[in-house]
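J.: Sharing a structure, written as structure tokens. Questions coming.
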Amino acid sequence: MEIEQLEKVASQVRRDIVRMVHGCQSGHPGGSLGCTELLVALYFERMKLKEHDGKVVFDMDGKDEDLFFLSNGHISPVWYSVLARKGYFPVSELATFRKLDSRLQGHPTTHEHLEGIRIASGSLGQGLSVALGAATAKKLNNDKGTVYVLMGDGEQQEGQVWEAATFAPHHQVDNLIAFIDLNGQQIDGPTVKVMNNRDLGAKYEAFGWEVINIEEGNDMAAVLKGLYEAKGRLGHGRPIMVLLHTGMGYGVDFMMGSHKWHGVAPNDEQLAAALAQLDETLGDY
Amino acid sequence: MKKYTFTEKKDTRSGFGAGMHVLGQQNPNVVALCADLVGSLKLEPFIKENPERFIQCGISEANMIGVSAGLTIGGKIPFATTFANFATGRVYDQIRQSVAYSNKNVKICASHAGLTLGEDGATHQILEDIGMMKMLPGMTVINPCDYNQTKAATIAIADHDGPVYLRFGRPVIPIFTDPDQKFEIGKAWMVNEGTDVSIIATGHMVWEAIQAGEMLEAEGINAEIINIHTIKPLDEEAILKSVEKTGCVVTAEEHNRIGGLGDSVAQVLVKNKLVPQEYVAVNDSFGESGTPAQLLEKYGLDAKHIVEAAKRAIARK
């Protein structure tokens, strides 16, 4: 897909995110908006996905395809929107987000059998371990697919992340690309103030990872280039960590760069102001 | 009283190791994981024959549970192994979210459960694990009673699609069940038919219950003994059928009296048929260092205490 087209998808995904969060007056728009380019680039361009008659199909085992895991499950709006726009389930279902009897739970789950989701996430720090297991299963199955996993930067404060960080190079899990959404914000404020992670790149390098930076994580071309580079480093005995520098709330001016929009829904007025900044490219749900 | 004799004593964890050895040869999807306790879990035969299907996780139990959950995506059947304390309490949230809520086909296999690991003391003697695991929706909870039953259970759970908690232990105890038994998840085993009191026991306490049955017989009391190896799903039918006949119950488990087998049985009785029940269990306390026999005696779990509980239950009829 051309960059322009990907950017159009991203614009629609951003509209979906703010509308979904507004629709139920809860959820996490900030991190979702910030990771939009990454998820669109992965699902619409870089990931090898199972298809039948030109349509994506889902099965839990995901053999011979690339897999994506969302460890920071609270940014479910961006994932749900991308999955729906890719064709995993009807976009109309986005209207049910966080409502009773919905498959689109506040945090992603497998419990309601939503196509595209392979593990529950929300309690932080568990996704990297799960992705390592899935990547190991691929190796045991002689499956050439790649496993992708996204974590938050605040999430790096969870101890389990560092258990997994130690495991991956030891077992040479080199069919995995992990991302940290480096937006510098968490619920209680800037990450450096709440609990300073210091130099995450140096930490992962010291643990034995290949570390790549995508400095412009909200620039589609830069994200595509970074993903291409990361993929090129697979298969050499080391796991890949991509530090994705993003802006929390990117794309909606009043939500940008502040932890205040981590988990707050816009009111009617704010929704209108947000949508005025985002082109409706694929049709609202 | 049916006669139970034995020619050999072994630890239930060795039954687990033997079961894993068989699974390694029979089921190519079985993968073993361990958190730096390979010797304690008796995994050497499996690892020797299937080195590519063994994943050493180091002392990182939370990661081990997550990796196990991930392995199921792709069709593997992971057996995550460590001591019961580190397999449950330490990683409850990981099991809850990545395994139980996600309905992943992970087998959590836990040795050194209960008081009878002995000298290591209370930090390692988990007495709350059955409660924690049975509260998780969809989790199957199994606590076999001897070497043969543990081996059979280990092999059986590989064919069960869904999360399982398999609990076993360290002490060497008599082997008294059939080496060729068919292990049926959720199906109680009638150890001895009787008429005066139902003794419902799990894990290491089944042998204590058999000894108690013999002591009771000497006093003219005819005890029915039932082995509940699967605490969840519970064989309610077997329990109710037994109490219809005996009119009172003793539950025996190497676990806190809060949240274990006794409470599961009590729920069934409250709902269906109220009869007196006596608990043989740890009285809401932590354990301590000592030999297994000393600990069972001090904490009120040995055959003598089952006998006393049976008499109390009968007196309350």
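Chain labels A, B, ... are given in the sequence in which chains occur in the structure tokens; within each chain residues are numbered consecutively from 1, and ligands are likewise numbered from 1 in the order shown.
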Based on DSSP run over this structure's backbone, return all residues of segment 49-129 of chain B in helix (DSSP H, G or I), as a PyMOL selection string.
T.: chain B and resi 49+51-53+61-72+84-87+89-101+115-117+129
J.: When the cut-off is 10 Å and we count only C-alpha atoms, which residues of chain B are near chain A, given as number ranges by chain?
T.: B: 29, 31, 52-53, 55-78, 93-94, 96-104
J.: Do you know which residues are at most 10 Å from segment 259-273 of chain A counting only C-alpha atoms, after dropping those on the same chain fewer than 2 positions away, and could you put them as number ranges by chain?
T.: A: 15, 18-32, 74-75, 183-191, 248-249, 252-257, 275-278
J.: Could you write those residues out with N, CA and C atoms, as a compact mmCIF listing (two decimals), in the first residue's frame?
T.:
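New file result.txt:
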# COMPACT_ATOMS: atom_id res chain seq x y z
N ARG A 15 -10.11 8.68 13.89
CA ARG A 15 -11.53 9.05 14.07
C ARG A 15 -12.25 7.96 14.87
N VAL A 18 -11.34 8.17 18.73
CA VAL A 18 -11.99 9.20 19.55
C VAL A 18 -13.51 8.97 19.61
N ARG A 19 -14.08 8.45 18.53
CA ARG A 19 -15.53 8.19 18.54
C ARG A 19 -15.87 7.03 19.49
N MET A 20 -15.03 5.99 19.45
CA MET A 20 -15.28 4.84 20.35
C MET A 20 -15.21 5.27 21.81
N VAL A 21 -14.18 6.01 22.13
CA VAL A 21 -13.98 6.43 23.53
C VAL A 21 -15.08 7.40 23.95
N HIS A 22 -15.47 8.27 23.02
CA HIS A 22 -16.58 9.18 23.31
C HIS A 22 -17.89 8.41 23.49
N GLY A 23 -18.07 7.37 22.67
CA GLY A 23 -19.33 6.62 22.66
C GLY A 23 -19.66 5.95 23.98
N CYS A 24 -18.64 5.56 24.71
CA CYS A 24 -18.89 4.89 26.00
C CYS A 24 -18.39 5.73 27.16
N GLN A 25 -17.86 6.92 26.83
CA GLN A 25 -17.33 7.84 27.85
C GLN A 25 -16.31 7.18 28.77
N SER A 26 -15.49 6.31 28.15
CA SER A 26 -14.37 5.74 28.91
C SER A 26 -13.39 5.14 27.91
N GLY A 27 -12.22 4.77 28.41
CA GLY A 27 -11.20 4.20 27.52
C GLY A 27 -9.98 5.09 27.44
N HIS A 28 -9.03 4.68 26.61
CA HIS A 28 -7.70 5.30 26.61
C HIS A 28 -7.34 5.84 25.23
N PRO A 29 -7.65 7.11 24.98
CA PRO A 29 -7.36 7.66 23.65
C PRO A 29 -5.88 8.02 23.44
N GLY A 30 -5.19 8.47 24.46
CA GLY A 30 -3.84 9.02 24.30
C GLY A 30 -2.86 8.05 23.65
N GLY A 31 -2.64 6.91 24.29
CA GLY A 31 -1.70 5.91 23.76
C GLY A 31 -2.19 5.32 22.45
N SER A 32 -3.51 5.21 22.31
CA SER A 32 -4.07 4.67 21.06
C SER A 32 -3.71 5.56 19.88
N HIS A 74 -4.56 -1.56 27.38
CA HIS A 74 -5.49 -0.42 27.53
C HIS A 74 -5.59 0.40 26.25
N ILE A 75 -4.64 0.25 25.31
CA ILE A 75 -4.81 0.98 24.05
C ILE A 75 -5.59 0.12 23.05
N ASN A 183 6.35 7.17 24.70
CA ASN A 183 5.68 8.47 24.67
C ASN A 183 5.96 9.28 25.93
N GLY A 184 6.70 8.70 26.84
CA GLY A 184 7.16 9.48 28.00
C GLY A 184 6.08 9.82 29.01
N GLN A 185 4.90 9.20 28.87
CA GLN A 185 3.81 9.54 29.79
C GLN A 185 3.21 8.28 30.41
N GLN A 186 2.73 8.39 31.62
CA GLN A 186 1.94 7.33 32.23
C GLN A 186 0.86 8.00 33.07
N ILE A 187 0.01 7.20 33.71
CA ILE A 187 -1.20 7.78 34.31
C ILE A 187 -0.89 8.94 35.26
N ASP A 188 0.08 8.74 36.12
CA ASP A 188 0.33 9.74 37.15
C ASP A 188 1.21 10.90 36.70
N GLY A 189 1.68 10.86 35.44
CA GLY A 189 2.49 11.98 34.96
C GLY A 189 3.59 11.53 34.01
N PRO A 190 4.55 12.42 33.77
CA PRO A 190 5.68 12.04 32.89
C PRO A 190 6.44 10.86 33.50
N THR A 191 6.83 9.92 32.65
CA THR A 191 7.49 8.72 33.13
C THR A 191 8.76 9.04 33.93
N MET A 248 2.04 11.02 22.78
CA MET A 248 0.74 10.59 23.29
C MET A 248 -0.34 11.54 22.76
N GLY A 249 -1.41 10.96 22.28
CA GLY A 249 -2.50 11.79 21.76
C GLY A 249 -2.27 12.36 20.38
N VAL A 252 -4.51 14.81 17.52
CA VAL A 252 -5.57 15.67 18.08
C VAL A 252 -4.86 16.70 18.97
N ASP A 253 -4.84 17.95 18.52
CA ASP A 253 -3.91 18.93 19.14
C ASP A 253 -4.06 19.05 20.66
N PHE A 254 -5.29 19.07 21.12
CA PHE A 254 -5.44 19.29 22.58
C PHE A 254 -5.19 18.03 23.42
N MET A 255 -5.01 16.89 22.75
CA MET A 255 -4.70 15.67 23.50
C MET A 255 -3.20 15.36 23.48
N MET A 256 -2.44 16.14 22.73
CA MET A 256 -1.04 15.77 22.50
C MET A 256 -0.10 16.09 23.64
N GLY A 257 0.83 15.16 23.86
CA GLY A 257 1.97 15.43 24.72
C GLY A 257 1.68 15.52 26.21
N LEU A 275 -12.62 15.63 15.75
CA LEU A 275 -12.99 15.11 14.43
C LEU A 275 -12.72 16.14 13.33
N ALA A 276 -12.78 17.41 13.70
CA ALA A 276 -12.50 18.47 12.72
C ALA A 276 -11.06 18.41 12.24
N GLN A 277 -10.21 17.77 13.04
CA GLN A 277 -8.79 17.67 12.68
C GLN A 277 -8.45 16.39 11.93
N LEU A 278 -9.43 15.48 11.80
CA LEU A 278 -9.15 14.14 11.25
C LEU A 278 -10.08 13.87 10.07
J.: Check segment 128-186 of chain B with DSSP on the backbone and list each residue it calls strand (DSSP E or B), as a ChimeraX atom specification.
T.: /B:140-142,164-167,172-174
J.: Would you put the residues from that selection into a file with N, CA and C atoms, as a PDB file, in the first residue's frame?
T.:
ATOM      1  N   THR B 140      -9.057 -26.684  35.956  1.00  0.00           N
ATOM      2  CA  THR B 140      -9.212 -28.014  36.530  1.00  0.00           C
ATOM      3  C   THR B 140      -8.142 -28.190  37.602  1.00  0.00           C
ATOM      4  N   VAL B 141      -8.510 -28.717  38.752  1.00  0.00           N
ATOM      5  CA  VAL B 141      -7.579 -28.845  39.884  1.00  0.00           C
ATOM      6  C   VAL B 141      -7.472 -30.301  40.309  1.00  0.00           C
ATOM      7  N   ILE B 142      -6.258 -30.848  40.245  1.00  0.00           N
ATOM      8  CA  ILE B 142      -6.050 -32.272  40.514  1.00  0.00           C
ATOM      9  C   ILE B 142      -4.940 -32.461  41.541  1.00  0.00           C
ATOM     10  N   VAL B 164      -4.977 -26.682  33.522  1.00  0.00           N
ATOM     11  CA  VAL B 164      -5.019 -27.658  34.615  1.00  0.00           C
ATOM     12  C   VAL B 164      -3.975 -27.276  35.663  1.00  0.00           C
ATOM     13  N   TYR B 165      -4.362 -27.419  36.932  1.00  0.00           N
ATOM     14  CA  TYR B 165      -3.391 -27.330  38.022  1.00  0.00           C
ATOM     15  C   TYR B 165      -3.212 -28.731  38.599  1.00  0.00           C
ATOM     16  N   LEU B 166      -2.011 -29.265  38.468  1.00  0.00           N
ATOM     17  CA  LEU B 166      -1.699 -30.603  38.983  1.00  0.00           C
ATOM     18  C   LEU B 166      -0.760 -30.444  40.169  1.00  0.00           C
ATOM     19  N   ARG B 167      -1.205 -30.952  41.325  1.00  0.00           N
ATOM     20  CA  ARG B 167      -0.493 -30.729  42.580  1.00  0.00           C
ATOM     21  C   ARG B 167       0.059 -32.046  43.104  1.00  0.00           C
ATOM     22  N   VAL B 172       8.170 -39.450  50.502  1.00  0.00           N
ATOM     23  CA  VAL B 172       8.091 -40.818  49.993  1.00  0.00           C
ATOM     24  C   VAL B 172       6.956 -41.517  50.739  1.00  0.00           C
ATOM     25  N   ILE B 173       5.978 -41.991  49.988  1.00  0.00           N
ATOM     26  CA  ILE B 173       4.804 -42.626  50.614  1.00  0.00           C
ATOM     27  C   ILE B 173       4.474 -43.927  49.895  1.00  0.00           C
ATOM     28  N   PRO B 174       3.696 -44.801  50.518  1.00  0.00           N
ATOM     29  CA  PRO B 174       3.382 -46.095  49.898  1.00  0.00           C
ATOM     30  C   PRO B 174       2.709 -45.944  48.536  1.00  0.00           C
TER      31      PRO B 174
END
J.: Check the smallest atom-to-atom distance from each of A:Glu115, A:Glu45, A:Asp153, A:Glu280 to Met195 of chain A using only C-alpha atoms, then report the winner.
T.: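 The answer is A:Asp153, which sits nearest to Met195 of chain A.
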J.: Please identify all polymer residues within 12 Å of Glu217 of chain B, counting only C-alpha atoms, omitting same-chain residues fewer than 5 positions from it, and present them as an MDAnalysis selection string.
T.: chainID B and resid 1:3 192 194:197 210:212 222:224 307 310:311
J.: Would you mind reading off the distance between atom CA of Pro90 of chain A and atom CA of Leu42 of chain A, one decimal, in Å?
T.: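 Calculated distance between atom CA of Pro90 of chain A and atom CA of Leu42 of chain A is 19.6 Å.
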J.: Excluding same-chain residues fewer than 3 positions from Ala202 of chain A, what lies within 12 Å of it counting only C-alpha atoms, as a ChimeraX atom specification?
T.: /A:197-199,205-213,241,243
J.: Which is closer to Gly247 of chain A than all the others in A:Ser11, A:Asn218, A:Thr281, A:Ser71, using only C-alpha atoms?
T.: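 Of the candidates, the smallest distance to Gly247 of chain A is held by A:Asn218.
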J.: Which distance in Å separates atom CA of Ile226 of chain B and atom CA of Val206 of chain B, to one decimal?
T.: 8.2 Å
J.: For the atom pair atom CA of Ile108 of chain B and atom CA of Thr251 of chain B, what is the interatomic distance in Å to one decimal place?
T.: 24.6 Å
J.: What lies within 8 Å of Gly237 of chain A using only C-alpha atoms, ignoring chain neighbours under 3 positions off, as a list in words?
T.: Pro169, Gln172, Val173, Asp174 and Leu234 of chain A
J.: Write a file of the selected residues as a short mmCIF file (atom, residue, chain, number, x, y, z; two decimals), in the first residue's frame, keeping C-alpha atoms.
T.:
data_model
loop_
_atom_site.label_atom_id
_atom_site.label_comp_id
_atom_site.auth_asym_id
_atom_site.auth_seq_id
_atom_site.Cartn_x
_atom_site.Cartn_y
_atom_site.Cartn_z
CA PRO A 169 18.52 -13.50 24.14
CA GLN A 172 18.04 -16.78 20.91
CA VAL A 173 14.46 -15.88 20.09
CA ASP A 174 15.36 -14.15 16.82
CA LEU A 234 15.80 -11.17 12.22
#
J.: May I ask which of the residues B:Gln26, B:Ser40, B:Cys34, B:Trp207 is the closest one to Lys9 of chain B, counting only C-alpha atoms?
T.: B:Trp207
